[in-house]
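Q: File follows, run-v1.cif with mmCIF, N, CA and C atoms and all ligand atoms:
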data_final
#
loop_
_atom_site.label_atom_id
_atom_site.label_comp_id
_atom_site.auth_asym_id
_atom_site.auth_seq_id
_atom_site.Cartn_x
_atom_site.Cartn_y
_atom_site.Cartn_z
N MET A 1 74.65 -31.28 215.28
CA MET A 1 75.19 -32.27 214.34
C MET A 1 76.38 -31.67 213.60
N ALA A 2 77.44 -32.43 213.51
CA ALA A 2 78.66 -31.91 212.90
C ALA A 2 78.58 -31.94 211.38
N LEU A 3 79.30 -31.05 210.79
CA LEU A 3 79.40 -31.07 209.34
C LEU A 3 80.36 -32.18 208.93
N HIS A 4 80.15 -32.70 207.75
CA HIS A 4 80.97 -33.80 207.29
C HIS A 4 81.78 -33.37 206.07
N GLY A 5 82.92 -32.80 206.28
CA GLY A 5 83.82 -32.47 205.19
C GLY A 5 83.34 -31.31 204.35
N ASP A 6 84.04 -31.11 203.28
CA ASP A 6 83.73 -30.01 202.39
C ASP A 6 82.54 -30.32 201.52
N TRP A 7 81.88 -29.27 201.15
CA TRP A 7 80.72 -29.40 200.28
C TRP A 7 81.11 -30.14 199.00
N GLY A 8 80.37 -31.14 198.68
CA GLY A 8 80.54 -31.77 197.38
C GLY A 8 81.56 -32.89 197.34
N VAL A 9 82.22 -33.20 198.44
CA VAL A 9 83.18 -34.31 198.41
C VAL A 9 82.44 -35.63 198.38
N ALA A 10 81.63 -35.85 199.35
CA ALA A 10 80.82 -37.06 199.37
C ALA A 10 79.43 -36.72 198.85
N GLY A 11 78.96 -37.52 197.96
CA GLY A 11 77.59 -37.35 197.53
C GLY A 11 77.38 -36.36 196.42
N THR A 12 78.40 -36.03 195.71
CA THR A 12 78.21 -35.18 194.54
C THR A 12 78.06 -36.06 193.30
N PHE A 13 77.01 -35.82 192.58
CA PHE A 13 76.81 -36.58 191.36
C PHE A 13 77.44 -35.85 190.19
N THR A 14 78.03 -36.60 189.30
CA THR A 14 78.69 -36.00 188.16
C THR A 14 77.72 -35.77 187.00
N SER A 15 76.49 -36.22 187.17
CA SER A 15 75.51 -36.03 186.10
C SER A 15 75.08 -34.56 186.05
N SER A 16 74.26 -34.26 185.10
CA SER A 16 73.78 -32.88 184.96
C SER A 16 72.54 -32.63 185.80
N ASN A 17 72.28 -33.54 186.73
CA ASN A 17 71.13 -33.35 187.61
C ASN A 17 71.22 -31.98 188.29
N ALA A 18 70.09 -31.35 188.46
CA ALA A 18 70.07 -30.01 189.03
C ALA A 18 70.55 -30.00 190.47
N THR A 19 70.45 -31.12 191.13
CA THR A 19 70.91 -31.19 192.52
C THR A 19 72.41 -31.37 192.54
N LEU A 20 73.13 -30.41 193.07
CA LEU A 20 74.58 -30.45 193.04
C LEU A 20 75.14 -31.34 194.13
N VAL A 21 74.49 -31.39 195.24
CA VAL A 21 74.96 -32.23 196.34
C VAL A 21 73.79 -33.08 196.81
N ALA A 22 74.07 -34.34 197.06
CA ALA A 22 73.02 -35.25 197.45
C ALA A 22 72.34 -34.79 198.72
N GLY A 23 71.06 -34.61 198.64
CA GLY A 23 70.31 -34.23 199.81
C GLY A 23 69.55 -32.94 199.66
N ASP A 24 69.94 -32.12 198.67
CA ASP A 24 69.22 -30.87 198.46
C ASP A 24 68.02 -31.15 197.55
N VAL A 25 66.98 -31.69 198.15
CA VAL A 25 65.83 -32.15 197.39
C VAL A 25 65.07 -30.98 196.76
N ASN A 26 64.91 -29.92 197.51
CA ASN A 26 64.09 -28.81 197.01
C ASN A 26 64.90 -27.77 196.24
N GLY A 27 66.20 -28.00 196.09
CA GLY A 27 66.99 -27.15 195.21
C GLY A 27 67.22 -25.74 195.68
N ASP A 28 67.22 -25.51 196.98
CA ASP A 28 67.42 -24.15 197.49
C ASP A 28 68.85 -23.92 197.96
N ASP A 29 69.76 -24.82 197.57
CA ASP A 29 71.21 -24.66 197.81
C ASP A 29 71.63 -24.88 199.25
N VAL A 30 70.76 -25.42 200.05
CA VAL A 30 71.15 -25.80 201.41
C VAL A 30 70.40 -27.07 201.76
N ILE A 31 71.04 -27.90 202.57
CA ILE A 31 70.39 -29.15 202.99
C ILE A 31 69.94 -28.98 204.43
N ASP A 32 68.64 -29.02 204.61
CA ASP A 32 68.10 -28.78 205.95
C ASP A 32 66.83 -29.59 206.17
N VAL A 33 66.09 -29.22 207.19
CA VAL A 33 64.90 -29.98 207.57
C VAL A 33 63.85 -30.00 206.45
N ARG A 34 63.85 -28.94 205.63
CA ARG A 34 62.87 -28.92 204.54
C ARG A 34 63.12 -30.05 203.55
N ASP A 35 64.39 -30.40 203.36
CA ASP A 35 64.70 -31.51 202.47
C ASP A 35 64.29 -32.84 203.10
N ALA A 36 64.51 -32.97 204.39
CA ALA A 36 64.07 -34.18 205.10
C ALA A 36 62.55 -34.33 204.98
N ALA A 37 61.85 -33.22 205.10
CA ALA A 37 60.40 -33.26 204.98
C ALA A 37 59.98 -33.67 203.57
N ALA A 38 60.72 -33.20 202.58
CA ALA A 38 60.40 -33.54 201.19
C ALA A 38 60.62 -35.03 200.93
N VAL A 39 61.69 -35.58 201.50
CA VAL A 39 61.96 -37.02 201.34
C VAL A 39 60.86 -37.82 202.02
N LEU A 40 60.49 -37.41 203.21
CA LEU A 40 59.44 -38.14 203.93
C LEU A 40 58.13 -38.09 203.16
N THR A 41 57.82 -36.93 202.61
CA THR A 41 56.58 -36.78 201.86
C THR A 41 56.57 -37.71 200.64
N ALA A 42 57.73 -37.89 200.02
CA ALA A 42 57.82 -38.68 198.80
C ALA A 42 58.14 -40.15 199.06
N ARG A 43 58.20 -40.53 200.31
CA ARG A 43 58.55 -41.90 200.68
C ARG A 43 57.71 -42.92 199.91
N GLY A 44 58.38 -43.93 199.36
CA GLY A 44 57.67 -44.99 198.66
C GLY A 44 57.36 -44.69 197.21
N THR A 45 57.65 -43.48 196.78
CA THR A 45 57.41 -43.11 195.39
C THR A 45 58.73 -43.16 194.62
N ALA A 46 58.66 -42.82 193.35
CA ALA A 46 59.86 -42.74 192.52
C ALA A 46 60.19 -41.29 192.19
N ASP A 47 59.78 -40.38 193.04
CA ASP A 47 60.02 -38.96 192.84
C ASP A 47 61.51 -38.71 192.59
N ARG A 48 61.82 -38.11 191.45
CA ARG A 48 63.23 -38.00 191.05
C ARG A 48 64.04 -37.09 191.98
N ALA A 49 63.43 -36.03 192.42
CA ALA A 49 64.16 -35.11 193.29
C ALA A 49 64.46 -35.75 194.64
N ALA A 50 63.49 -36.46 195.18
CA ALA A 50 63.66 -37.05 196.50
C ALA A 50 64.40 -38.38 196.45
N ASP A 51 64.43 -39.00 195.28
CA ASP A 51 65.16 -40.27 195.13
C ASP A 51 66.63 -39.95 194.90
N ILE A 52 67.28 -39.62 195.98
CA ILE A 52 68.62 -39.04 195.91
C ILE A 52 69.64 -40.01 195.32
N ASP A 53 69.52 -41.29 195.66
CA ASP A 53 70.48 -42.26 195.13
C ASP A 53 70.03 -42.88 193.81
N HIS A 54 68.89 -42.39 193.29
CA HIS A 54 68.45 -42.78 191.95
C HIS A 54 68.26 -44.30 191.80
N ASP A 55 67.79 -44.95 192.84
CA ASP A 55 67.53 -46.39 192.71
C ASP A 55 66.07 -46.67 192.42
N GLY A 56 65.30 -45.63 192.21
CA GLY A 56 63.92 -45.81 191.78
C GLY A 56 62.89 -45.75 192.88
N THR A 57 63.34 -45.71 194.13
CA THR A 57 62.40 -45.65 195.25
C THR A 57 62.91 -44.67 196.30
N VAL A 58 62.01 -43.88 196.82
CA VAL A 58 62.38 -42.98 197.92
C VAL A 58 62.22 -43.75 199.23
N ASP A 59 63.32 -43.93 199.92
CA ASP A 59 63.26 -44.68 201.17
C ASP A 59 64.31 -44.17 202.16
N ALA A 60 64.57 -44.94 203.19
CA ALA A 60 65.47 -44.49 204.25
C ALA A 60 66.88 -44.21 203.74
N ALA A 61 67.30 -44.91 202.69
CA ALA A 61 68.64 -44.67 202.15
C ALA A 61 68.75 -43.24 201.62
N ASP A 62 67.67 -42.74 201.06
CA ASP A 62 67.69 -41.37 200.56
C ASP A 62 67.70 -40.38 201.73
N MET A 63 66.94 -40.69 202.75
CA MET A 63 66.96 -39.84 203.93
C MET A 63 68.36 -39.78 204.54
N ASN A 64 69.09 -40.89 204.44
CA ASN A 64 70.45 -40.91 205.00
C ASN A 64 71.36 -39.90 204.31
N TRP A 65 71.13 -39.64 203.03
CA TRP A 65 71.92 -38.62 202.35
C TRP A 65 71.66 -37.24 202.93
N VAL A 66 70.40 -36.99 203.25
CA VAL A 66 70.06 -35.72 203.88
C VAL A 66 70.77 -35.61 205.22
N VAL A 67 70.76 -36.70 205.97
CA VAL A 67 71.40 -36.70 207.29
C VAL A 67 72.91 -36.48 207.14
N GLN A 68 73.51 -37.19 206.19
CA GLN A 68 74.96 -37.11 206.03
C GLN A 68 75.41 -35.70 205.61
N ASN A 69 74.62 -35.06 204.78
CA ASN A 69 75.02 -33.74 204.26
C ASN A 69 74.26 -32.61 204.93
N TYR A 70 73.64 -32.89 206.03
CA TYR A 70 72.80 -31.92 206.73
C TYR A 70 73.54 -30.61 206.99
N LEU A 71 72.88 -29.53 206.67
CA LEU A 71 73.35 -28.16 206.88
C LEU A 71 74.46 -27.74 205.92
N MET A 72 74.75 -28.57 204.94
CA MET A 72 75.73 -28.16 203.94
C MET A 72 75.13 -27.11 203.00
N GLN A 73 76.01 -26.20 202.57
CA GLN A 73 75.64 -25.18 201.62
C GLN A 73 76.21 -25.54 200.26
N ASN A 74 75.54 -25.14 199.22
CA ASN A 74 76.08 -25.28 197.88
C ASN A 74 77.09 -24.15 197.64
N SER A 75 78.37 -24.52 197.57
CA SER A 75 79.41 -23.50 197.43
C SER A 75 79.34 -22.80 196.08
N MET A 76 78.60 -23.38 195.14
CA MET A 76 78.46 -22.76 193.83
C MET A 76 77.38 -21.69 193.83
N ALA A 77 76.59 -21.65 194.86
CA ALA A 77 75.50 -20.68 194.91
C ALA A 77 76.06 -19.29 195.13
N ASP A 78 75.37 -18.29 194.59
CA ASP A 78 75.86 -16.92 194.72
C ASP A 78 75.24 -16.21 195.92
N HIS A 79 74.63 -17.00 196.78
CA HIS A 79 74.03 -16.41 197.97
C HIS A 79 74.06 -17.43 199.09
N TYR A 80 73.92 -16.97 200.29
CA TYR A 80 73.85 -17.87 201.43
C TYR A 80 72.39 -18.10 201.80
N THR A 81 72.03 -19.35 201.92
CA THR A 81 70.67 -19.68 202.32
C THR A 81 70.69 -20.20 203.75
N ASP A 82 69.94 -19.56 204.60
CA ASP A 82 69.88 -19.98 205.99
C ASP A 82 69.23 -21.36 206.09
N PRO A 83 69.93 -22.32 206.66
CA PRO A 83 69.29 -23.62 206.84
C PRO A 83 68.18 -23.55 207.89
N VAL A 84 67.13 -24.30 207.64
CA VAL A 84 66.03 -24.39 208.59
C VAL A 84 66.21 -25.68 209.39
N LYS A 85 66.30 -25.53 210.70
CA LYS A 85 66.55 -26.70 211.55
C LYS A 85 65.29 -27.20 212.23
N ARG A 86 64.22 -26.46 212.11
CA ARG A 86 62.97 -26.87 212.75
C ARG A 86 61.82 -26.44 211.83
N LEU A 87 60.98 -27.38 211.48
CA LEU A 87 59.87 -27.11 210.58
C LEU A 87 58.59 -27.57 211.24
N GLN A 88 57.71 -26.66 211.47
CA GLN A 88 56.45 -26.97 212.14
C GLN A 88 56.70 -27.75 213.43
N GLY A 89 57.74 -27.34 214.15
CA GLY A 89 58.04 -27.95 215.44
C GLY A 89 58.83 -29.23 215.37
N LYS A 90 59.14 -29.68 214.15
CA LYS A 90 59.85 -30.94 214.00
C LYS A 90 61.30 -30.71 213.61
N THR A 91 62.19 -31.53 214.17
CA THR A 91 63.60 -31.46 213.85
C THR A 91 63.95 -32.57 212.85
N LEU A 92 65.21 -32.57 212.42
CA LEU A 92 65.67 -33.62 211.50
C LEU A 92 65.40 -35.01 212.07
N GLU A 93 65.66 -35.17 213.35
CA GLU A 93 65.47 -36.47 213.97
C GLU A 93 64.02 -36.95 213.86
N ASP A 94 63.09 -36.00 213.99
CA ASP A 94 61.68 -36.38 213.89
C ASP A 94 61.36 -36.96 212.52
N TYR A 95 61.91 -36.34 211.49
CA TYR A 95 61.64 -36.83 210.14
C TYR A 95 62.33 -38.16 209.89
N VAL A 96 63.56 -38.28 210.38
CA VAL A 96 64.29 -39.54 210.21
C VAL A 96 63.55 -40.67 210.89
N ASN A 97 63.06 -40.40 212.07
CA ASN A 97 62.38 -41.46 212.83
C ASN A 97 61.07 -41.88 212.20
N ARG A 98 60.51 -41.01 211.36
CA ARG A 98 59.24 -41.35 210.71
C ARG A 98 59.42 -42.07 209.40
N MET A 99 60.65 -42.17 208.93
CA MET A 99 60.89 -42.87 207.66
C MET A 99 60.66 -44.37 207.80
CA CA B 1 67.30 -27.80 200.32
CA CA B 2 66.37 -44.08 196.58
#
Could you render the structure as structure tokens?
A:
Amino acid sequence: MALHGDWGVAGTFTSSNATLVAGDVNGDDVIDVRDAAAVLTARGTADRAADIDHDGTVDAADMNWVVQNYLMQNSMADHYTDPVKRLQGKTLEDYVNRM
């Protein structure tokens, strides 16, 4: 999957939310399969971290942010976090398809 532009261009919220780029649900400075898993786990709830677009419900629209920013790194982070592309045998597509 190709990267989509520079970190923080699309999907950066100007609020003081701890998530710097839309899609980093677990706050580890990289958007990867673990974030997709977190969105899927929170599906149908109002979980603030997983409700990326802040519309009050975790649904496929939030998963789309993870997809759009997949494998992006937080350029503000002082370390590089290796993205995880496979979690318990599942890829991003597996999580997207289950939404
Ligand atoms: Ca993350
Ligand atoms: Ca949402």
Q: Determine the nearest neighbour of ligand CA 1 (chain B) from the options A:Lys90, A:Lys85, A:Arg43, A:Arg34, counting only N, CA and C atoms and all ligand atoms.
A: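 Smallest separation from ligand CA 1 (chain B) among the options: A:Arg34.
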Q: Name the closest residue to ligand CA 1 (chain B) among the candidates A:Asp51, A:Asp29, A:Asp59, A:Asp94; distances are taken between atoms, counting only N, CA and C atoms and all ligand atoms.
A: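 Comparing A:Asp51, A:Asp29, A:Asp59, A:Asp94 against ligand CA 1 (chain B), the winner is A:Asp29.
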Q: Which residue gives the smallest distance to ligand CA 1 (chain B) among A:Val58, A:Ala22, A:Asn64, A:Gly27, with all atoms listed in the file counted?
A: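 Result for the nearest residue to ligand CA 1 (chain B): A:Gly27.
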Q: In Å, rounded to a single decimal, give me how far atom N of A:Thr45 is from atom C of A:Thr81.
A: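 One can read the atom C of A:Thr81 to atom N of A:Thr45 distance as 27.6 Å.
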Q: Would you list the contacts of stretch 31-33 of chain A as number ranges by chain, taking every protein, DNA or RNA residue within 10 Å and counting only C-alpha atoms, but skipping same-chain residues closer than 4 positions in sequence?
A: A: 21-27, 37-39, 65-74, 81-87, 90-96
Q: List every residue of chain A that has an atom at most 7 Å from any atom of ligand CA 2 (chain B), giving for each one its closest atom pair and the distance in Å to one decimal, counting only C-alpha atoms and all ligand atoms, sorted by chain and then by ascending residue number, as a Markdown table.
A:
| residue | atom | partner | partner_atom | distance |
| --- | --- | --- | --- | --- |
| A:Asp51 | CA | B:CA2 | CA | 4.3 |
| A:Ile52 | CA | B:CA2 | CA | 5.6 |
| A:Asp53 | CA | B:CA2 | CA | 4.7 |
| A:His54 | CA | B:CA2 | CA | 5.2 |
| A:Asp55 | CA | B:CA2 | CA | 4.7 |
| A:Gly56 | CA | B:CA2 | CA | 5.7 |
| A:Thr57 | CA | B:CA2 | CA | 4.5 |
| A:Val58 | CA | B:CA2 | CA | 4.4 |
| A:Asp59 | CA | B:CA2 | CA | 5.6 |
| A:Ala61 | CA | B:CA2 | CA | 6.0 |
| A:Asp62 | CA | B:CA2 | CA | 5.0 |
Q: When you draw a straight line from atom C of A:Arg98 to atom C of A:Tyr80, how long is it in Å?
A: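 Separation of atom C of A:Arg98 and atom C of A:Tyr80: 28.3 Å.
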Q: Among stretch 40-98 of chain A, which residues does DSSP mark as alpha helix (DSSP H) when it is run on the backbone? Keep the chain and numbering as in the structure and answer as a PyMOL selection string.
A: chain A and resi 40-41+60-68+92-98
Q: Rounded to one decimal, what separation in Å do you get between atom C of A:Asp28 and atom CA of ligand CA 1 (chain B)?
A: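 Separation of atom C of A:Asp28 and atom CA of ligand CA 1 (chain B): 4.8 Å.
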